[in-house]
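A.B. asks: What follows is target-v9.cif, mmCIF, C-alpha atoms.
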```cif
data_model
loop_
_atom_site.label_atom_id
_atom_site.label_comp_id
_atom_site.auth_asym_id
_atom_site.auth_seq_id
_atom_site.Cartn_x
_atom_site.Cartn_y
_atom_site.Cartn_z
CA MET A 82 -1.57 22.40 -23.49
CA THR A 83 -4.77 20.43 -23.93
CA ARG A 84 -7.10 22.13 -26.46
CA GLN A 85 -10.01 19.69 -26.33
CA PRO A 86 -11.64 19.85 -22.86
CA VAL A 87 -11.25 16.53 -21.06
CA TYR A 88 -13.72 15.92 -18.27
CA ILE A 89 -13.22 13.60 -15.30
CA ASN A 90 -16.69 12.10 -15.04
CA SER A 91 -16.15 9.26 -12.56
CA ILE A 92 -13.48 8.34 -10.02
CA ALA A 93 -12.67 5.44 -7.69
CA SER A 94 -9.86 4.61 -5.31
CA ILE A 95 -8.70 1.81 -3.04
CA HIS A 96 -6.21 3.22 -0.57
CA PRO A 97 -5.03 3.21 3.06
CA PRO A 98 -7.42 4.77 5.60
CA CYS A 99 -7.24 8.55 5.10
CA ASP A 100 -8.31 9.26 8.69
CA GLY A 101 -5.87 6.89 10.35
CA VAL A 102 -2.60 8.78 9.95
CA ALA A 103 -2.21 11.57 12.46
CA GLU A 104 1.41 12.36 11.70
CA TRP A 105 4.20 11.62 9.27
CA MET A 106 5.97 8.46 10.51
CA PRO A 107 8.96 7.50 8.32
CA GLY A 108 9.32 3.77 7.83
CA LYS A 109 5.69 2.96 8.54
CA ARG A 110 3.86 0.65 6.13
CA LEU A 111 0.41 1.76 5.03
CA THR A 112 -1.94 -0.95 3.80
CA ALA A 113 -4.88 -0.38 1.49
CA VAL A 114 -8.37 -0.99 2.87
CA GLU A 115 -9.87 -3.42 0.40
CA PRO A 116 -13.60 -3.55 -0.45
CA ASP A 117 -15.90 -6.56 -0.53
CA TYR A 118 -14.69 -8.13 -3.77
CA LYS A 119 -17.74 -10.41 -3.98
CA GLN A 120 -19.85 -7.43 -5.01
CA LEU A 121 -17.39 -6.21 -7.65
CA ILE A 122 -16.10 -9.56 -8.96
CA PRO A 123 -19.04 -11.99 -8.58
CA ASN A 124 -17.31 -14.97 -10.22
CA ALA A 125 -15.83 -16.82 -7.24
CA THR A 126 -13.47 -18.96 -9.35
CA LEU A 127 -12.09 -15.93 -11.16
CA ARG A 128 -11.78 -14.03 -7.90
CA ARG A 129 -9.74 -16.80 -6.26
CA ARG A 130 -7.35 -16.94 -9.20
CA MET A 131 -6.61 -13.24 -8.99
CA SER A 132 -3.70 -12.04 -6.90
CA ARG A 133 -4.22 -9.21 -4.44
CA ILE A 134 -2.95 -6.47 -6.77
CA VAL A 135 -5.15 -7.71 -9.62
CA ARG A 136 -8.22 -7.75 -7.36
CA MET A 137 -7.44 -4.19 -6.22
CA GLY A 138 -6.99 -2.91 -9.76
CA VAL A 139 -10.01 -4.69 -11.23
CA ALA A 140 -12.23 -3.66 -8.31
CA ALA A 141 -11.20 0.01 -8.58
CA GLY A 142 -11.83 -0.08 -12.32
CA GLN A 143 -15.27 -1.64 -11.82
CA MET A 144 -16.13 0.93 -9.14
CA CYS A 145 -15.17 3.73 -11.52
CA LEU A 146 -17.25 2.32 -14.36
CA SER A 147 -20.24 1.90 -12.05
CA GLY A 148 -20.28 5.69 -11.74
CA ALA A 149 -21.23 5.90 -15.42
CA PRO A 150 -23.02 2.62 -16.20
CA GLU A 151 -24.20 3.80 -19.61
CA VAL A 152 -20.64 4.35 -20.86
CA GLN A 153 -18.53 1.76 -22.69
CA PRO A 154 -15.01 3.26 -22.92
CA GLU A 155 -13.19 3.18 -26.25
CA ALA A 156 -9.91 2.58 -24.43
CA ILE A 157 -8.69 1.02 -21.18
CA LEU A 158 -5.31 2.32 -20.00
CA THR A 159 -3.62 0.93 -16.91
CA ALA A 160 -0.38 1.88 -15.23
CA THR A 161 1.92 0.32 -12.65
CA GLY A 162 5.39 1.14 -11.47
CA MET A 163 6.34 -2.27 -10.07
CA GLY A 164 3.75 -4.66 -11.50
CA CYS A 165 2.43 -7.85 -9.94
CA LEU A 166 5.25 -8.33 -7.44
CA ALA A 167 3.64 -11.03 -5.30
CA ASP A 168 3.02 -13.24 -8.35
CA THR A 169 6.53 -12.57 -9.67
CA GLU A 170 8.01 -13.54 -6.31
CA LYS A 171 5.86 -16.67 -6.24
CA PHE A 172 7.06 -17.71 -9.69
CA MET A 173 10.70 -17.10 -8.75
CA ASP A 174 10.30 -19.19 -5.59
CA ILE A 175 8.88 -22.06 -7.65
CA LEU A 176 11.72 -21.64 -10.13
CA LEU A 177 14.30 -22.05 -7.38
CA ASP A 178 12.49 -24.78 -5.45
CA ARG A 179 12.06 -26.98 -8.54
CA ASP A 180 15.50 -26.30 -9.97
CA GLU A 181 13.95 -24.71 -13.08
CA GLU A 182 12.08 -27.92 -13.98
CA GLN A 183 8.39 -28.89 -14.18
CA LEU A 184 7.23 -25.31 -13.76
CA THR A 185 3.56 -24.42 -13.71
CA PRO A 186 2.79 -21.40 -15.90
CA THR A 187 -0.04 -19.96 -13.78
CA ALA A 188 2.07 -17.69 -11.55
CA PHE A 189 4.07 -16.48 -14.55
CA ILE A 190 0.95 -15.70 -16.57
CA GLN A 191 -0.61 -13.82 -13.64
CA SER A 192 2.57 -11.82 -13.04
CA THR A 193 2.45 -10.00 -16.39
CA PHE A 194 1.95 -6.25 -16.16
CA ASN A 195 -1.16 -6.10 -18.36
CA THR A 196 -3.20 -8.52 -16.23
CA VAL A 197 -5.39 -5.80 -14.67
CA GLY A 198 -6.27 -4.19 -18.00
CA ALA A 199 -6.93 -7.57 -19.58
CA GLN A 200 -9.23 -8.69 -16.76
CA LEU A 201 -11.18 -5.43 -16.91
CA ALA A 202 -11.66 -5.93 -20.66
CA LEU A 203 -12.85 -9.51 -20.18
CA LEU A 204 -15.25 -8.64 -17.35
CA THR A 205 -16.81 -5.72 -19.25
CA GLY A 206 -16.75 -7.30 -22.71
CA ASN A 207 -14.59 -4.47 -23.97
CA HIS A 208 -12.61 -5.19 -27.17
CA SER A 209 -11.20 -1.71 -27.64
CA TYR A 210 -7.68 -0.30 -27.35
CA ASN A 211 -6.04 -1.70 -24.20
CA THR A 212 -2.55 -0.71 -23.07
CA THR A 213 -0.52 -0.91 -19.87
CA TYR A 214 2.23 1.58 -19.06
CA VAL A 215 5.16 0.48 -16.92
CA HIS A 216 7.31 3.61 -16.92
CA ARG A 217 8.38 3.52 -13.28
CA ALA A 218 7.33 6.78 -11.57
CA PHE A 219 5.94 8.16 -14.86
CA SER A 220 3.63 5.19 -15.43
CA PHE A 221 0.35 6.87 -14.48
CA GLU A 222 1.27 10.16 -16.14
CA SER A 223 2.09 8.26 -19.36
CA ALA A 224 -1.33 6.61 -19.29
CA LEU A 225 -2.96 10.01 -18.69
CA LEU A 226 -1.04 11.50 -21.62
CA ASP A 227 -2.23 8.70 -23.89
CA ALA A 228 -5.81 9.34 -22.77
CA LEU A 229 -5.49 13.07 -23.48
CA LEU A 230 -4.17 12.33 -26.96
CA LEU A 231 -6.91 9.81 -27.72
CA ILE A 232 -9.64 12.24 -26.69
CA GLY A 233 -7.95 15.29 -28.19
CA GLU A 234 -7.50 13.59 -31.56
CA GLU A 235 -11.10 12.28 -31.43
CA ASP A 236 -10.02 8.64 -31.41
CA ALA A 237 -12.06 8.07 -28.26
CA ALA A 238 -14.96 9.76 -26.48
CA HIS A 239 -14.46 7.93 -23.18
CA VAL A 240 -11.26 6.47 -21.72
CA LEU A 241 -10.86 4.46 -18.53
CA VAL A 242 -7.44 5.15 -17.04
CA GLY A 243 -6.01 3.97 -13.74
CA ALA A 244 -3.04 2.77 -11.76
CA VAL A 245 -2.23 0.14 -9.17
CA ASP A 246 0.82 -0.79 -7.10
CA GLU A 247 1.25 -3.09 -4.13
CA GLN A 248 3.69 -3.18 -1.23
CA THR A 249 5.10 -6.64 -0.48
CA PRO A 250 7.27 -7.55 2.55
CA SER A 251 10.26 -8.31 0.33
CA LEU A 252 9.98 -4.98 -1.54
CA TYR A 253 9.68 -3.12 1.74
CA THR A 254 12.78 -4.86 3.12
CA ILE A 255 14.86 -4.24 0.00
CA LEU A 256 13.96 -0.55 -0.14
CA GLN A 257 14.53 -0.25 3.60
CA ARG A 258 18.10 -1.47 3.10
CA LEU A 259 18.48 1.28 0.48
CA ASN A 260 17.30 3.83 3.09
CA CYS A 261 14.19 4.64 1.07
CA TRP A 262 11.96 4.81 4.13
CA LYS A 263 14.08 7.20 6.21
CA LYS A 264 11.94 10.12 5.07
CA ALA A 265 8.84 8.37 3.73
CA MET A 266 6.11 5.89 4.56
CA ALA A 267 5.61 2.85 2.34
CA GLY A 268 2.24 2.79 0.65
CA GLU A 269 0.07 1.12 -1.97
CA GLY A 270 -3.24 1.53 -3.71
CA SER A 271 -5.27 1.75 -6.89
CA ALA A 272 -7.17 4.62 -8.48
CA PHE A 273 -9.21 4.82 -11.70
CA PHE A 274 -10.78 7.66 -13.66
CA LEU A 275 -13.26 7.89 -16.51
CA LEU A 276 -12.14 10.66 -18.85
CA SER A 277 -14.61 11.95 -21.41
CA ARG A 278 -14.87 14.47 -24.22
CA ARG A 279 -18.22 15.69 -22.96
CA GLN A 280 -19.32 16.94 -19.59
CA ALA A 281 -21.63 14.73 -17.55
CA LYS A 282 -24.05 15.69 -14.82
CA GLY A 283 -21.62 14.53 -12.15
CA SER A 284 -18.36 15.71 -13.69
CA PHE A 285 -15.67 16.34 -11.10
CA ALA A 286 -13.25 18.57 -12.99
CA ILE A 287 -11.58 19.39 -16.29
CA LEU A 288 -8.17 17.83 -16.78
CA GLN A 289 -6.49 20.90 -18.22
CA ASP A 290 -2.83 20.02 -18.70
CA MET A 291 0.13 18.03 -17.39
CA GLU A 292 3.90 18.08 -17.51
CA MET A 293 6.63 15.55 -16.71
CA PHE A 294 10.32 16.20 -16.11
CA SER A 295 13.22 14.42 -14.47
CA GLY A 296 16.52 15.35 -12.88
CA LEU A 297 17.89 16.84 -9.69
CA PHE A 298 16.43 20.30 -9.04
CA THR A 299 16.48 22.76 -6.19
CA GLU A 300 13.23 23.86 -4.59
CA GLY A 301 13.62 27.22 -6.30
CA GLU A 302 14.09 25.65 -9.73
CA ILE A 303 10.95 23.54 -9.27
CA ARG A 304 9.04 26.63 -8.17
CA LYS A 305 10.09 28.52 -11.32
CA ARG A 306 9.09 25.59 -13.51
CA MET A 307 5.73 25.42 -11.74
CA GLU A 308 5.14 29.16 -12.27
CA ARG A 309 5.97 28.82 -15.97
CA PHE A 310 3.55 25.88 -16.28
CA LEU A 311 0.78 27.89 -14.64
CA ARG A 312 1.44 30.95 -16.83
CA THR A 313 1.19 28.77 -19.93
CA ASN A 314 -2.28 27.72 -18.77
CA ASP A 315 -3.27 31.24 -17.69
CA VAL A 316 -3.76 30.13 -14.08
CA THR A 317 -2.89 32.14 -10.96
CA ASN A 318 -3.04 31.14 -7.30
CA PRO A 319 -4.27 27.54 -7.67
CA ASP A 320 -4.96 25.22 -4.76
CA THR A 321 -1.68 23.25 -4.84
CA LEU A 322 -1.30 19.68 -3.56
CA TYR A 323 2.25 18.80 -2.58
CA PRO A 324 3.61 15.25 -2.00
CA GLU A 325 4.02 15.75 1.76
CA GLU A 326 0.33 16.65 1.93
CA TYR A 327 -1.24 13.65 0.23
CA LYS A 328 1.41 10.97 0.80
CA ARG A 329 0.78 11.08 4.53
CA PHE A 330 -2.49 9.35 3.60
CA CYS A 331 -1.48 6.98 0.79
CA GLY A 332 2.24 6.54 1.46
CA GLU A 333 5.02 6.41 -1.11
CA TYR A 334 4.87 4.23 -4.22
CA PRO A 335 5.52 4.77 -7.96
CA THR A 336 1.93 5.63 -8.90
CA ALA A 337 0.94 7.53 -5.75
CA VAL A 338 0.08 10.50 -7.95
CA SER A 339 -3.06 8.61 -9.00
CA PHE A 340 -4.26 8.83 -5.39
CA ALA A 341 -3.39 12.54 -5.45
CA LEU A 342 -5.56 13.06 -8.53
CA TRP A 343 -8.45 11.22 -6.85
CA TYR A 344 -7.96 13.36 -3.74
CA ALA A 345 -7.84 16.52 -5.86
CA CYS A 346 -11.13 15.58 -7.55
CA LEU A 347 -12.79 15.29 -4.15
CA ARG A 348 -11.45 18.72 -3.19
CA MET A 349 -12.98 20.14 -6.36
CA ARG A 350 -16.36 18.95 -5.04
CA SER A 351 -15.91 20.72 -1.70
CA PRO A 352 -17.50 24.15 -0.98
CA GLU A 353 -14.05 25.72 -1.50
CA GLY A 354 -13.47 23.86 -4.77
CA ASN A 355 -14.14 26.78 -7.07
CA ARG A 356 -10.58 27.35 -8.22
CA PRO A 357 -7.99 25.31 -10.14
CA VAL A 358 -6.03 22.57 -8.39
CA LEU A 359 -2.41 21.80 -9.21
CA VAL A 360 -1.08 18.38 -8.24
CA TYR A 361 2.69 18.20 -7.87
CA ASN A 362 4.35 14.80 -7.54
CA ALA A 363 7.97 13.89 -6.86
CA PHE A 364 9.40 10.37 -6.69
CA PHE A 365 13.20 10.30 -6.40
CA ASP A 366 14.36 12.37 -9.41
CA THR A 367 11.07 12.37 -11.36
CA HIS A 368 8.54 15.19 -11.17
CA SER A 369 5.13 15.94 -12.63
CA PHE A 370 2.40 18.57 -12.63
CA ILE A 371 -1.29 17.81 -13.22
CA LEU A 372 -3.65 20.77 -13.52
CA LEU A 373 -7.40 20.57 -12.88
CA LYS A 374 -9.95 23.30 -13.51
CA PRO A 375 -13.51 23.58 -12.17
CA VAL A 376 -16.26 22.40 -14.48
#
```
Would you write out, as structure tokens, the structure that this file holds?

C.D. replies:
Amino acid sequence: MTRQPVYINSIASIHPPCDGVAEWMPGKRLTAVEPDYKQLIPNATLRRRMSRIVRMGVAAGQMCLSGAPEVQPEAILTATGMGCLADTEKFMDILLDRDEEQLTPTAFIQSTFNTVGAQLALLTGNHSYNTTYVHRAFSFESALLDALLLIGEEDAAHVLVGAVDEQTPSLYTILQRLNCWKKAMAGEGSAFFLLSRRQAKGSFAILQDMEMFSGLFTEGEIRKRMERFLRTNDVTNPDTLYPEEYKRFCGEYPTAVSFALWYACLRMRSPEGNRPVLVYNAFFDTHSFILLKPV
């Protein structure tokens, strides 16, 4: 359990339209609504060189930082479950087309997982701790855990943490052949959060605790684990967000829980947001709880 209070002081998200999905439609592809990148990434040359996933991640990070312009984070933590797929596919196509000869390194360089975190550091002049987590469905939770440790151990006062994943046609087709979309909608998006040791005027919530576990569990077993987690944190009757509730907006992807956290923060700002919120995420056989408390 987190001893040092960790405040969520700024949030940002790039996601599919939240008002455009009237019902759960398995197999449907949800596409993120992207902002005007010219405002967030003014350098036209740099903007053109970025792939779509990098633009989404960098823009969401910049939007989050703009909510606290006086803050320079001591750490930038990014997470992705699948990485820069479009750039990876582009590099593999070139590899095959040119018979592994006379390859240009650009697509390979831009396909590395830490591209978003690196670009955010370059654009903000940040030379602090910078790490990317690629732990499949636990990627975002791993980044959050690192942020909690950094703040709890007083190694950082402010940490920028976020996630990004994209949905490409080839990924959609491959997962469709594996029957992944029979009960889910394919999604994508990026969400960033500024976590701080001290409360700000516009703080959204306190990030109280989190838990990750994997394996095949019955609904009853998950319920018992959830009750034990809440008892540990002395919380009763929280406002609980389940995957079927928020994934009808963002779709399914490895770091969809980052959208859920963003959505939970907004709920904390609503007139009814005066009680704790528990975010539960499930992706295949991985599960996580994220607990928020009112400021």

A.B. asks: Which residues, written as a ChimeraX atom specification, have at least one atom at most 6 Å from Phe189 in chain A, with all atoms listed in the file counted and residues fewer than 3 positions away on the same chain left out?

C.D. replies: /A:172,186,192

A.B. asks: If I take CA of Tyr344 in chain A and CA of Asp320 in chain A, how far is one from the other in Å, to one decimal?

C.D. replies: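 Going from CA of Tyr344 in chain A over to CA of Asp320 in chain A, I get 12.3 Å.
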
A.B. asks: Please determine, counting all atoms listed in the file, which residue among A:Gly301, A:Gly332, A:Pro352, A:Pro375 has the shortest atom-to-atom distance to Trp262 in chain A.

C.D. replies: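 Among the listed residues, A:Gly332 lies closest to Trp262 in chain A.
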
A.B. asks: Any idea what's packed within 12 Å of Ala202 in chain A, counting only C-alpha atoms, ignoring anything in its chain fewer than 6 positions away? Could you give it as a list in words?

C.D. replies: Val139, Gly142, Gln143, Leu146, Gln153, Pro154, Glu155, Ala156, Ile157, Leu158, Thr159, Asn195, Thr196, His208, Ser209, Tyr210, Asn211, Thr212 and Leu241 of chain A

A.B. asks: Mind listing as a list in words all residues within 8 Å of (9.9, 2.5, -13.7), counting all atoms listed in the file?

C.D. replies: Gly162, Met163, Val215, His216, Arg217, Ala218, Phe219, Ser220 and Pro335 of chain A

A.B. asks: Work out how far apart CA of Lys374 in chain A and CA of Val316 in chain A are and give it in Å to one decimal.

C.D. replies: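 These atoms are spaced 9.2 Å apart.
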
A.B. asks: What does the distance between CA of Leu230 in chain A and CA of Tyr334 in chain A come to in Å, to one decimal place?

C.D. replies: 25.8 Å

A.B. asks: Write out as a VMD selection string each polymer residue whose atoms come within 9 Å of Val360 in chain A, counting only C-alpha atoms; drop sequence neighbours fewer than 3 positions from it.

C.D. replies: chain A and resid 320 to 324 338 341 to 342 345 369 to 373

A.B. asks: Counting all atoms listed in the file, figure out which residue out of A:Lys263, A:Pro357, A:Leu229, A:Asp236 gets nearest to Asp315 in chain A.

C.D. replies: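 For Asp315 in chain A, the nearest of the candidates is A:Pro357.
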
A.B. asks: With distances taken over all atoms listed in the file, which of A:Glu333, A:Glu353, A:Glu247, A:Glu308 is nearest to Ala113 in chain A?

C.D. replies: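 That would be A:Glu247, the residue with the smallest distance to Ala113 in chain A.
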
A.B. asks: For each of A:Thr185, A:Glu325, A:Thr336, A:Met131, take the minimum atom-to-atom distance to Phe221 in chain A, counting only C-alpha atoms, then give the residue where this is smallest.

C.D. replies: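 For Phe221 in chain A, the nearest of the given residues is A:Thr336.
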
A.B. asks: Do a neighbour search on range 94-98 of chain A at 6 Å with only C-alpha atoms, toss out local chain neighbours closer than 6 positions, and write the hits as a list of chain:residue names.

C.D. replies: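 With the cut-off at 6 Å, the set is A:Leu111, A:Thr112, A:Ala113, A:Val114, A:Ala141, A:Gly270, A:Ser271, A:Ala272, A:Cys331.
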
A.B. asks: Using the partial input, fill out range 263-290 of chain A with N, CA and C atoms; write the result as a compact mmCIF listing (two decimals), keeping the file's coordinate frame.

C.D. replies:
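Written output follows (out_9.txt):
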```
# COMPACT_ATOMS: atom_id res chain seq x y z
N LYS A 263 13.60 6.30 5.16
CA LYS A 263 14.08 7.20 6.21
C LYS A 263 13.24 8.47 6.28
N LYS A 264 12.72 8.89 5.12
CA LYS A 264 11.94 10.12 5.07
C LYS A 264 10.56 9.90 4.46
N ALA A 265 10.12 8.66 4.38
CA ALA A 265 8.84 8.37 3.73
C ALA A 265 8.16 7.18 4.39
N MET A 266 6.87 7.06 4.12
CA MET A 266 6.11 5.89 4.56
C MET A 266 5.79 5.05 3.33
N ALA A 267 5.91 3.75 3.46
CA ALA A 267 5.61 2.85 2.34
C ALA A 267 4.11 2.76 2.16
N GLY A 268 3.67 2.82 0.91
CA GLY A 268 2.24 2.79 0.65
C GLY A 268 1.88 1.91 -0.53
N GLU A 269 0.59 1.90 -0.86
CA GLU A 269 0.07 1.12 -1.97
C GLU A 269 -1.33 1.61 -2.27
N GLY A 270 -1.87 1.17 -3.40
CA GLY A 270 -3.24 1.53 -3.71
C GLY A 270 -3.56 1.46 -5.19
N SER A 271 -4.81 1.75 -5.51
CA SER A 271 -5.27 1.75 -6.89
C SER A 271 -6.30 2.86 -7.06
N ALA A 272 -6.21 3.57 -8.18
CA ALA A 272 -7.17 4.62 -8.48
C ALA A 272 -7.49 4.61 -9.97
N PHE A 273 -8.77 4.81 -10.30
CA PHE A 273 -9.21 4.82 -11.70
C PHE A 273 -10.08 6.04 -11.97
N PHE A 274 -10.06 6.46 -13.24
CA PHE A 274 -10.78 7.66 -13.66
C PHE A 274 -11.40 7.42 -15.03
N LEU A 275 -12.61 7.93 -15.20
CA LEU A 275 -13.26 7.89 -16.51
C LEU A 275 -13.15 9.28 -17.12
N LEU A 276 -12.34 9.39 -18.16
CA LEU A 276 -12.14 10.66 -18.85
C LEU A 276 -13.03 10.69 -20.08
N SER A 277 -13.65 11.85 -20.32
CA SER A 277 -14.61 11.95 -21.41
C SER A 277 -14.47 13.27 -22.15
N ARG A 278 -14.89 13.25 -23.40
CA ARG A 278 -14.87 14.47 -24.22
C ARG A 278 -16.00 15.42 -23.84
N ARG A 279 -17.07 14.86 -23.32
CA ARG A 279 -18.22 15.69 -22.96
C ARG A 279 -18.47 15.69 -21.47
N GLN A 280 -18.99 16.79 -21.00
CA GLN A 280 -19.32 16.94 -19.59
C GLN A 280 -20.54 16.10 -19.24
N ALA A 281 -20.50 15.49 -18.07
CA ALA A 281 -21.63 14.73 -17.55
C ALA A 281 -22.23 15.48 -16.38
N LYS A 282 -23.38 15.02 -15.94
CA LYS A 282 -24.05 15.69 -14.82
C LYS A 282 -23.19 15.69 -13.57
N GLY A 283 -22.44 14.62 -13.36
CA GLY A 283 -21.62 14.53 -12.15
C GLY A 283 -20.14 14.74 -12.38
N SER A 284 -19.78 15.48 -13.40
CA SER A 284 -18.36 15.71 -13.69
C SER A 284 -17.65 16.33 -12.50
N PHE A 285 -16.45 15.84 -12.23
CA PHE A 285 -15.67 16.34 -11.10
C PHE A 285 -14.82 17.56 -11.47
N ALA A 286 -14.18 17.50 -12.63
CA ALA A 286 -13.25 18.57 -12.99
C ALA A 286 -12.88 18.43 -14.46
N ILE A 287 -12.19 19.44 -14.96
CA ILE A 287 -11.58 19.39 -16.29
C ILE A 287 -10.09 19.12 -16.12
N LEU A 288 -9.61 18.11 -16.79
CA LEU A 288 -8.17 17.83 -16.78
C LEU A 288 -7.53 18.75 -17.82
N GLN A 289 -6.93 19.83 -17.34
CA GLN A 289 -6.49 20.90 -18.22
C GLN A 289 -5.16 20.60 -18.89
N ASP A 290 -4.16 20.18 -18.13
CA ASP A 290 -2.83 20.02 -18.70
C ASP A 290 -1.97 19.21 -17.74
```
